[in-house]
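Visitor: Below is the structure I would like to discuss, written out as structure tokens.
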Amino acid sequence: MVRNHIRSKMIEPHGCDDGDEHETLPLPTLPPMPRERVPLQKSSICSRSYFMVVMVFFHVYIINVIVLLLYVHYNNGPGDVLATPNRDEASGGSNHHKPPESHQQPSYSGFQRDMHLPRLEGIRVGHVQKVSLVPDKVHEMRTLSLKPLLFEIPGFLSEEECRVVVQLAQLKGLMESQVMVPEGQEELTEQLNLSPDEIFNLLDLNQDGQLQLQEILTHSRVRDGIWLTPENLREIYAGLKADPDGNGLLSLEEFRSLGSDAFQRFLQQRGVKSSQLVRNSRHTWLYQGKGAHQVLRDLKKRVTRLTRLPSALVDLSEPLQVVRYEQGGHYHAHHDSGPVYPETACTHTRLAANTSTPFETSCRYITVLFYLNSVEGGGETAFPVADNRTYEEVSLIQNDVDLMDTRKNCDKSNLRVNPTKGTAVLWYNYLSDGQGWVGEQDEYSLHGGCVVTRGTKWVANNWINIDPDYQRQARYQQLVSQQGEEDTEDEGEQSQPSPEQLHTADSHQEL
């Protein structure tokens, strides 16, 4: 009774405000529940089996990682031609490795791809990032566009460095940048053995069976180096009586009646003004290798740090080009590099191509442009289609408005960079192939120099030459390395190949 009374008191409700008395009923006592042991044997067996499976897979994973590391270690030996940037820095900037004792050259297709080209990140237009290029100084690099990937670095060169580069160019002497008719054009045409019908089909970009003014203009600029406007072309049609119906279109029959050099002969008889050329400037080349002026060597080192590329790639690229534009000087819109097809060879690696081809192009992966003075009027670098949604060559000329004409339509370009003394502009002429190497040409890198309206414009160009064909690039670097070792054995000291041996100036395009 005492126990039941205490239990009833414990469960008596509290907080009743009415003061009424309630009778407390005792709770019925439940019979004691029998205790049963929960069977855990099966669960324990499952946990133990799961643990064993996990451990087996873990050990297999560890073994695979060890095997992969051993494979990478033994395949990245000292015989590699191309090195990563870190390995390049550790070797003191030299990327040339000695061949095996037997001097046997590996097969042309046997170079392992062990290097990935670093690529700057644009993030977004207007993004500013800090870069360290010289001791005790930090430069700001601003993203100007994403198509092409384009950056501006103010203060890249000091005023003194700009003055030295200009003086060195003047001491060496500048030559005319423009060549009216490329040498060997007739021989190239004969070698290709193209019929008039085949040439017509190549020029007919939209395949409508007629050649429009835009299609003829593009061909003339590439082939002749002469900048023709639609009005000029109509005059030539009239002079050659090439368009009897006067509709501004050439049919296949009308095209057949013209010789392959009809335009050239007509223009040479009439005469060509400097304003009608694709570019109107003077230029020279300054070697930046061993024995060059300290300013030129420092400039190359700075470019190497900026691009983050192995120094061997920068060392074997073209020399520094210095260009002067007088008042009225210009360079119509163009690409620094052409597209590379299977039958095309890069100019700088043509010796390593092991094949003869009539098609060559300057494979310039990166352009670094330096402004050596501030121009009084005009002289901007224009990018007509920067950050456009699409790119179509035919659409560059619409209603007689030619976006590639930097004498008339620079103000219609999507982007213009003002020439400011000491500023550098960097852009990529090729996309990435998605595997750390050079991909397709970036057509949005179309650019040109606007006409100089007042004063003089001085610029310099550093082009980084990289062959989109990895095997050709590796083969080329191996040949240069072997040549340097042979020179060392003969002369007792290593000598670098001269820029004249590595590149032919006739194939260069100047900005």
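Residues in the structure tokens are numbered from 1 in each chain, the chains being A, B, ... in the order shown, and ligands are numbered from 1 in the order shown.
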Near Val375 (chain A), within 7 Å and counting only C-alpha atoms, which residues show up once chain neighbours fewer than 5 positions away are dropped, as a PyMOL selection string?
Guide: chain A and resi 419+455-457
Visitor: Please identify all polymer residues within 12 Å of Ile153 (chain A), counting only C-alpha atoms, omitting same-chain residues fewer than 6 positions from it, and present them as a PyMOL selection string.
Guide: chain A and resi 128-133+138-144+302-303+306+368-371+417+419-427
Visitor: Neighbouring residues of Tyr287 (chain A) were defined as those with any atom within 8 Å, considering only C-alpha atoms; residues of the same chain fewer than 2 positions away were excluded. Please report them as a short mmCIF file (atom, residue, chain, number, x, y, z; two decimals) with all heavy atoms, in the first residue's frame.
Guide:
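So the final result, stored in around_28.cif, reads:
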```cif
data_model
loop_
_atom_site.label_atom_id
_atom_site.label_comp_id
_atom_site.auth_asym_id
_atom_site.auth_seq_id
_atom_site.Cartn_x
_atom_site.Cartn_y
_atom_site.Cartn_z
N TRP A 285 65.04 43.86 -87.57
CA TRP A 285 65.04 42.76 -86.61
C TRP A 285 66.23 42.89 -85.69
O TRP A 285 67.35 43.17 -86.13
CB TRP A 285 65.09 41.41 -87.34
CG TRP A 285 63.97 41.19 -88.29
CD1 TRP A 285 63.94 41.52 -89.61
CD2 TRP A 285 62.71 40.61 -87.99
NE1 TRP A 285 62.75 41.17 -90.16
CE2 TRP A 285 61.96 40.61 -89.20
CE3 TRP A 285 62.14 40.08 -86.84
CZ2 TRP A 285 60.67 40.10 -89.27
CZ3 TRP A 285 60.85 39.57 -86.92
CH2 TRP A 285 60.13 39.59 -88.11
N GLY A 289 69.69 37.11 -78.38
CA GLY A 289 70.39 36.01 -77.76
C GLY A 289 71.71 36.42 -77.15
O GLY A 289 71.94 37.58 -76.79
N ALA A 292 73.83 39.92 -77.28
CA ALA A 292 72.97 41.05 -77.62
C ALA A 292 73.01 42.09 -76.51
O ALA A 292 73.52 41.85 -75.40
CB ALA A 292 71.54 40.58 -77.85
N LEU A 296 67.87 44.20 -74.55
CA LEU A 296 67.16 43.24 -75.37
C LEU A 296 67.07 41.89 -74.68
O LEU A 296 66.04 41.21 -74.75
CB LEU A 296 67.86 43.09 -76.73
CG LEU A 296 67.94 44.36 -77.58
CD1 LEU A 296 68.69 44.08 -78.87
CD2 LEU A 296 66.56 44.91 -77.86
N PRO A 319 63.38 36.81 -83.70
CA PRO A 319 64.01 37.95 -83.03
C PRO A 319 62.98 39.05 -82.80
O PRO A 319 61.85 38.99 -83.27
CB PRO A 319 65.09 38.39 -84.03
CG PRO A 319 65.23 37.29 -85.00
CD PRO A 319 63.93 36.56 -85.04
N LEU A 320 63.40 40.07 -82.05
CA LEU A 320 62.52 41.21 -81.80
C LEU A 320 62.39 42.04 -83.08
O LEU A 320 63.38 42.39 -83.71
CB LEU A 320 63.09 42.07 -80.67
CG LEU A 320 62.26 43.30 -80.29
CD1 LEU A 320 61.00 42.88 -79.55
CD2 LEU A 320 63.09 44.25 -79.42
N PRO A 499 69.49 34.12 -85.88
CA PRO A 499 68.08 34.25 -86.25
C PRO A 499 67.86 34.14 -87.74
O PRO A 499 66.81 33.73 -88.19
CB PRO A 499 67.72 35.65 -85.72
CG PRO A 499 69.01 36.37 -85.55
CD PRO A 499 70.02 35.32 -85.23
#
```
Visitor: I'd like the neighbourhood of Ser445 (chain A) as a PyMOL selection string, where a residue qualifies if any of its atoms comes within 7 Å (using only C-alpha atoms), though same-chain residues fewer than 4 positions away should be ignored.
Guide: chain A and resi 148+335+429
Visitor: Would you output that residue set with C-alpha atoms, as a PDB file, in the first residue's frame?
Guide:
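Result saved to again_22.pdb:
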```pdb
ATOM      1  CA  PRO A 148      40.913  36.633 -78.361  1.00  0.00           C
ATOM      2  CA  HIS A 335      46.162  37.530 -88.431  1.00  0.00           C
ATOM      3  CA  ASN A 429      46.733  33.652 -81.788  1.00  0.00           C
TER       4      ASN A 429
END
```
Visitor: Going by DSSP on the backbone, which bits of region 194-373 of chain A are strand (DSSP E or B)? Write them as an NGL selection string, please.
Guide: :A and (211 or 226 or 250 or 277 or 279-280 or 282-286 or 320-325 or 330-334 or 344-346 or 359-361 or 364-371)
Visitor: Which residues are near Gly436 (chain A)? Cut-off 12 Å, only C-alpha atoms, ignore same chain within fewer than 3 positions. Put them as a PDB file with all heavy atoms, in the first residue's frame.
Guide:
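Saved file selection05.pdb follows:
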```pdb
ATOM      1  N   THR A  84      59.282  20.636 -68.745  1.00  0.00           N
ATOM      2  CA  THR A  84      58.289  21.471 -68.109  1.00  0.00           C
ATOM      3  C   THR A  84      58.948  22.753 -67.646  1.00  0.00           C
ATOM      4  O   THR A  84      60.161  22.848 -67.513  1.00  0.00           O
ATOM      5  CB  THR A  84      57.692  20.733 -66.898  1.00  0.00           C
ATOM      6  OG1 THR A  84      58.755  20.441 -65.990  1.00  0.00           O
ATOM      7  CG2 THR A  84      57.026  19.445 -67.318  1.00  0.00           C
ATOM      8  N   ARG A 113      54.672  13.190 -75.227  1.00  0.00           N
ATOM      9  CA  ARG A 113      54.152  14.506 -74.849  1.00  0.00           C
ATOM     10  C   ARG A 113      54.249  14.658 -73.340  1.00  0.00           C
ATOM     11  O   ARG A 113      53.389  14.180 -72.598  1.00  0.00           O
ATOM     12  CB  ARG A 113      52.715  14.657 -75.330  1.00  0.00           C
ATOM     13  CG  ARG A 113      52.591  14.770 -76.824  1.00  0.00           C
ATOM     14  CD  ARG A 113      51.193  15.133 -77.251  1.00  0.00           C
ATOM     15  NE  ARG A 113      50.749  16.387 -76.661  1.00  0.00           N
ATOM     16  CZ  ARG A 113      49.688  17.076 -77.103  1.00  0.00           C
ATOM     17  NH1 ARG A 113      49.004  16.620 -78.124  1.00  0.00           N
ATOM     18  NH2 ARG A 113      49.337  18.197 -76.517  1.00  0.00           N
ATOM     19  N   ASP A 114      55.309  15.308 -72.906  1.00  0.00           N
ATOM     20  CA  ASP A 114      55.536  15.460 -71.471  1.00  0.00           C
ATOM     21  C   ASP A 114      55.471  16.914 -71.044  1.00  0.00           C
ATOM     22  O   ASP A 114      55.877  17.254 -69.940  1.00  0.00           O
ATOM     23  CB  ASP A 114      56.896  14.862 -71.088  1.00  0.00           C
ATOM     24  CG  ASP A 114      58.056  15.617 -71.727  1.00  0.00           C
ATOM     25  OD1 ASP A 114      57.813  16.351 -72.711  1.00  0.00           O
ATOM     26  OD2 ASP A 114      59.195  15.476 -71.253  1.00  0.00           O
ATOM     27  N   MET A 115      54.996  17.801 -71.902  1.00  0.00           N
ATOM     28  CA  MET A 115      54.927  19.207 -71.539  1.00  0.00           C
ATOM     29  C   MET A 115      53.559  19.774 -71.880  1.00  0.00           C
ATOM     30  O   MET A 115      52.998  19.460 -72.927  1.00  0.00           O
ATOM     31  CB  MET A 115      56.006  20.018 -72.258  1.00  0.00           C
ATOM     32  CG  MET A 115      56.020  21.488 -71.820  1.00  0.00           C
ATOM     33  SD  MET A 115      57.231  22.475 -72.699  1.00  0.00           S
ATOM     34  CE  MET A 115      56.466  22.550 -74.315  1.00  0.00           C
ATOM     35  N   HIS A 116      53.037  20.596 -71.000  1.00  0.00           N
ATOM     36  CA  HIS A 116      51.791  21.306 -71.221  1.00  0.00           C
ATOM     37  C   HIS A 116      52.081  22.800 -71.218  1.00  0.00           C
ATOM     38  O   HIS A 116      52.779  23.305 -70.342  1.00  0.00           O
ATOM     39  CB  HIS A 116      50.763  20.969 -70.137  1.00  0.00           C
ATOM     40  CG  HIS A 116      50.336  19.529 -70.148  1.00  0.00           C
ATOM     41  ND1 HIS A 116      49.277  19.076 -70.919  1.00  0.00           N
ATOM     42  CD2 HIS A 116      50.833  18.449 -69.519  1.00  0.00           C
ATOM     43  CE1 HIS A 116      49.138  17.781 -70.738  1.00  0.00           C
ATOM     44  NE2 HIS A 116      50.072  17.374 -69.889  1.00  0.00           N
ATOM     45  N   LEU A 117      51.559  23.499 -72.207  1.00  0.00           N
ATOM     46  CA  LEU A 117      51.793  24.931 -72.312  1.00  0.00           C
ATOM     47  C   LEU A 117      50.898  25.666 -71.314  1.00  0.00           C
ATOM     48  O   LEU A 117      49.668  25.580 -71.399  1.00  0.00           O
ATOM     49  CB  LEU A 117      51.488  25.411 -73.731  1.00  0.00           C
ATOM     50  CG  LEU A 117      52.324  24.793 -74.849  1.00  0.00           C
ATOM     51  CD1 LEU A 117      51.839  25.293 -76.199  1.00  0.00           C
ATOM     52  CD2 LEU A 117      53.802  25.097 -74.659  1.00  0.00           C
ATOM     53  N   PRO A 118      51.488  26.394 -70.375  1.00  0.00           N
ATOM     54  CA  PRO A 118      50.648  27.175 -69.458  1.00  0.00           C
ATOM     55  C   PRO A 118      49.949  28.293 -70.222  1.00  0.00           C
ATOM     56  O   PRO A 118      50.471  28.822 -71.209  1.00  0.00           O
ATOM     57  CB  PRO A 118      51.655  27.731 -68.436  1.00  0.00           C
ATOM     58  CG  PRO A 118      52.960  27.728 -69.158  1.00  0.00           C
ATOM     59  CD  PRO A 118      52.937  26.578 -70.107  1.00  0.00           C
ATOM     60  N   ARG A 119      48.792  28.638 -69.773  1.00  0.00           N
ATOM     61  CA  ARG A 119      47.980  29.656 -70.456  1.00  0.00           C
ATOM     62  C   ARG A 119      47.411  30.604 -69.414  1.00  0.00           C
ATOM     63  O   ARG A 119      46.860  30.174 -68.395  1.00  0.00           O
ATOM     64  CB  ARG A 119      46.854  28.981 -71.240  1.00  0.00           C
ATOM     65  CG  ARG A 119      46.190  29.849 -72.294  1.00  0.00           C
ATOM     66  CD  ARG A 119      45.228  28.999 -73.110  1.00  0.00           C
ATOM     67  NE  ARG A 119      44.460  29.791 -74.049  1.00  0.00           N
ATOM     68  CZ  ARG A 119      44.807  29.997 -75.313  1.00  0.00           C
ATOM     69  NH1 ARG A 119      45.923  29.457 -75.774  1.00  0.00           N
ATOM     70  NH2 ARG A 119      44.048  30.727 -76.125  1.00  0.00           N
ATOM     71  N   LEU A 309      56.147  30.443 -70.206  1.00  0.00           N
ATOM     72  CA  LEU A 309      56.560  29.362 -71.086  1.00  0.00           C
ATOM     73  C   LEU A 309      57.999  28.966 -70.806  1.00  0.00           C
ATOM     74  O   LEU A 309      58.785  29.775 -70.282  1.00  0.00           O
ATOM     75  CB  LEU A 309      56.431  29.796 -72.553  1.00  0.00           C
ATOM     76  CG  LEU A 309      55.015  30.047 -73.062  1.00  0.00           C
ATOM     77  CD1 LEU A 309      55.057  30.631 -74.468  1.00  0.00           C
ATOM     78  CD2 LEU A 309      54.200  28.765 -73.053  1.00  0.00           C
ATOM     79  N   LEU A 431      43.964  28.850 -80.082  1.00  0.00           N
ATOM     80  CA  LEU A 431      43.243  28.299 -78.945  1.00  0.00           C
ATOM     81  C   LEU A 431      44.039  27.130 -78.372  1.00  0.00           C
ATOM     82  O   LEU A 431      45.040  26.703 -78.939  1.00  0.00           O
ATOM     83  CB  LEU A 431      41.851  27.833 -79.377  1.00  0.00           C
ATOM     84  CG  LEU A 431      40.958  28.889 -80.030  1.00  0.00           C
ATOM     85  CD1 LEU A 431      39.702  28.229 -80.601  1.00  0.00           C
ATOM     86  CD2 LEU A 431      40.590  29.980 -79.042  1.00  0.00           C
ATOM     87  N   SER A 432      43.591  26.607 -77.253  1.00  0.00           N
ATOM     88  CA  SER A 432      44.188  25.403 -76.689  1.00  0.00           C
ATOM     89  C   SER A 432      43.513  24.179 -77.305  1.00  0.00           C
ATOM     90  O   SER A 432      42.327  24.215 -77.659  1.00  0.00           O
ATOM     91  CB  SER A 432      44.028  25.380 -75.171  1.00  0.00           C
ATOM     92  OG  SER A 432      44.449  24.136 -74.639  1.00  0.00           O
ATOM     93  N   ASP A 433      44.275  23.094 -77.448  1.00  0.00           N
ATOM     94  CA  ASP A 433      43.697  21.865 -77.994  1.00  0.00           C
ATOM     95  C   ASP A 433      42.993  21.038 -76.924  1.00  0.00           C
ATOM     96  O   ASP A 433      42.517  19.935 -77.195  1.00  0.00           O
ATOM     97  CB  ASP A 433      44.768  21.019 -78.688  1.00  0.00           C
ATOM     98  CG  ASP A 433      45.795  20.450 -77.716  1.00  0.00           C
ATOM     99  OD1 ASP A 433      45.828  20.898 -76.544  1.00  0.00           O
ATOM    100  OD2 ASP A 433      46.571  19.567 -78.114  1.00  0.00           O
ATOM    101  N   GLY A 439      46.082  24.558 -80.252  1.00  0.00           N
ATOM    102  CA  GLY A 439      44.910  24.098 -80.967  1.00  0.00           C
ATOM    103  C   GLY A 439      44.704  24.852 -82.266  1.00  0.00           C
ATOM    104  O   GLY A 439      45.652  25.207 -82.966  1.00  0.00           O
ATOM    105  N   PRO A 468      51.858  23.717 -83.882  1.00  0.00           N
ATOM    106  CA  PRO A 468      50.738  22.922 -83.357  1.00  0.00           C
ATOM    107  C   PRO A 468      50.993  21.424 -83.423  1.00  0.00           C
ATOM    108  O   PRO A 468      50.372  20.672 -82.661  1.00  0.00           O
ATOM    109  CB  PRO A 468      49.568  23.323 -84.274  1.00  0.00           C
ATOM    110  CG  PRO A 468      49.922  24.690 -84.762  1.00  0.00           C
ATOM    111  CD  PRO A 468      51.415  24.670 -84.915  1.00  0.00           C
ATOM    112  N   TYR A 470      53.027  18.695 -82.238  1.00  0.00           N
ATOM    113  CA  TYR A 470      53.980  18.509 -81.135  1.00  0.00           C
ATOM    114  C   TYR A 470      55.237  17.785 -81.599  1.00  0.00           C
ATOM    115  O   TYR A 470      56.358  18.133 -81.199  1.00  0.00           O
ATOM    116  CB  TYR A 470      53.318  17.726 -80.011  1.00  0.00           C
ATOM    117  CG  TYR A 470      54.170  17.570 -78.768  1.00  0.00           C
ATOM    118  CD1 TYR A 470      54.059  18.477 -77.720  1.00  0.00           C
ATOM    119  CD2 TYR A 470      55.066  16.522 -78.635  1.00  0.00           C
ATOM    120  CE1 TYR A 470      54.829  18.343 -76.577  1.00  0.00           C
ATOM    121  CE2 TYR A 470      55.840  16.377 -77.503  1.00  0.00           C
ATOM    122  CZ  TYR A 470      55.722  17.284 -76.480  1.00  0.00           C
ATOM    123  OH  TYR A 470      56.492  17.153 -75.355  1.00  0.00           O
TER     124      TYR A 470
END
```
Visitor: Which residue gives the smallest distance to Asp208 (chain A) among A:Arg416, A:Leu252, A:Gly338, A:Leu150, with only C-alpha atoms counted?
Guide: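 With only C-alpha atoms as the atom set, the closest residue is A:Leu252.
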Visitor: Out of A:Val385, A:Met404, A:Leu249, A:Ile466, which residue has the shortest atom-to-atom distance to Ser337 (chain A) when counting only C-alpha atoms?
Guide: A:Ile466
Visitor: Rounded to one decimal place, report the CA of Gln441 (chain A)-CA of Trp227 (chain A) distance in Å.
Guide: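 Taking CA of Gln441 (chain A) and CA of Trp227 (chain A), their separation equals 23.2 Å.
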Visitor: Identify which of the residues A:Gly448, A:Gly434, A:Pro244, A:Gly379 lies closest to Ala333 (chain A), counting only C-alpha atoms when measuring atom-to-atom distances.
Guide: A:Gly448
Visitor: If you count only C-alpha atoms, which residues fall within 9 Å of His348 (chain A), apart from same-chain ones fewer than 3 positions away, as a list in words?
Guide: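 Listing them by chain and then by number gives Leu316, Ser317, Glu318, Ala345, Leu351, Ala352, Thr361, Ser362, Cys363, Asn465, Ile466, Asp467, Tyr476, Leu502, His503 and Thr504 of chain A.
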Visitor: I need the residues from that last selection saved to file as a PDB file, in the first residue's frame (with C-alpha atoms), if you can.
Guide:
```
ATOM      1  CA  LEU A 316      64.106  29.633 -80.415  1.00  0.00           C
ATOM      2  CA  SER A 317      61.408  32.064 -81.510  1.00  0.00           C
ATOM      3  CA  GLU A 318      61.748  35.007 -83.869  1.00  0.00           C
ATOM      4  CA  ALA A 345      54.388  23.534 -92.518  1.00  0.00           C
ATOM      5  CA  LEU A 351      63.540  21.916 -91.594  1.00  0.00           C
ATOM      6  CA  ALA A 352      62.161  19.330 -89.173  1.00  0.00           C
ATOM      7  CA  THR A 361      52.790  29.868 -92.318  1.00  0.00           C
ATOM      8  CA  SER A 362      54.240  31.677 -89.328  1.00  0.00           C
ATOM      9  CA  CYS A 363      53.071  29.661 -86.338  1.00  0.00           C
ATOM     10  CA  ASN A 465      56.726  30.374 -82.271  1.00  0.00           C
ATOM     11  CA  ILE A 466      55.229  26.982 -81.408  1.00  0.00           C
ATOM     12  CA  ASP A 467      54.236  24.351 -83.936  1.00  0.00           C
ATOM     13  CA  TYR A 476      63.022  20.909 -84.388  1.00  0.00           C
ATOM     14  CA  LEU A 502      66.167  29.931 -87.897  1.00  0.00           C
ATOM     15  CA  HIS A 503      63.782  32.219 -89.752  1.00  0.00           C
ATOM     16  CA  THR A 504      63.474  33.911 -93.103  1.00  0.00           C
TER      17      THR A 504
END
```
Visitor: Smallest atom-to-atom distance to Leu403 (chain A): which of A:Asn461, A:Phe57, A:Glu235, A:His334, using only C-alpha atoms?
Guide: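 Using only C-alpha atoms, Leu403 (chain A) sits closest to A:His334.
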Visitor: Counting only C-alpha atoms, which of A:Met175, A:Leu228, A:Pro342, A:Arg389 gets nearest to Val323 (chain A)?
Guide: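 Between A:Met175, A:Leu228, A:Pro342, A:Arg389, the residue approaching Val323 (chain A) most closely is A:Met175.
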Visitor: Considering only C-alpha atoms, return as a VMD selection string whatever protein or nucleic-acid residues lie within 9 Å of Phe359 (chain A), sequence-local ones (same chain, fewer than 4 positions apart) excluded.
Guide: chain A and resid 343 to 346
Visitor: Write the residues of the preceding selection, restricted to N, CA, C and O atoms, as an mmCIF file, in the first residue's frame.
Guide:
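Listing of selection_34.cif after writing:
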```
data_model
loop_
_atom_site.group_PDB
_atom_site.id
_atom_site.type_symbol
_atom_site.label_atom_id
_atom_site.label_comp_id
_atom_site.auth_asym_id
_atom_site.auth_seq_id
_atom_site.Cartn_x
_atom_site.Cartn_y
_atom_site.Cartn_z
ATOM 1 N N GLU A 343 48.768 19.625 -94.725
ATOM 2 C CA GLU A 343 49.736 19.876 -95.787
ATOM 3 C C GLU A 343 50.491 21.190 -95.586
ATOM 4 O O GLU A 343 51.229 21.616 -96.466
ATOM 5 N N THR A 344 50.319 21.821 -94.431
ATOM 6 C CA THR A 344 50.978 23.089 -94.139
ATOM 7 C C THR A 344 52.129 22.875 -93.173
ATOM 8 O O THR A 344 52.019 22.104 -92.225
ATOM 9 N N ALA A 345 53.234 23.584 -93.415
ATOM 10 C CA ALA A 345 54.388 23.534 -92.518
ATOM 11 C C ALA A 345 54.570 24.889 -91.862
ATOM 12 O O ALA A 345 54.313 25.936 -92.471
ATOM 13 N N CYS A 346 54.989 24.873 -90.604
ATOM 14 C CA CYS A 346 55.331 26.114 -89.924
ATOM 15 C C CYS A 346 56.701 26.595 -90.418
ATOM 16 O O CYS A 346 57.604 25.792 -90.659
#
```
Visitor: If you measure from CA of Ala382 (chain A) to CA of Thr406 (chain A), what distance in Å do you get, rounded to one decimal?
Guide: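 Separation between CA of Ala382 (chain A) and CA of Thr406 (chain A): 7.7 Å.
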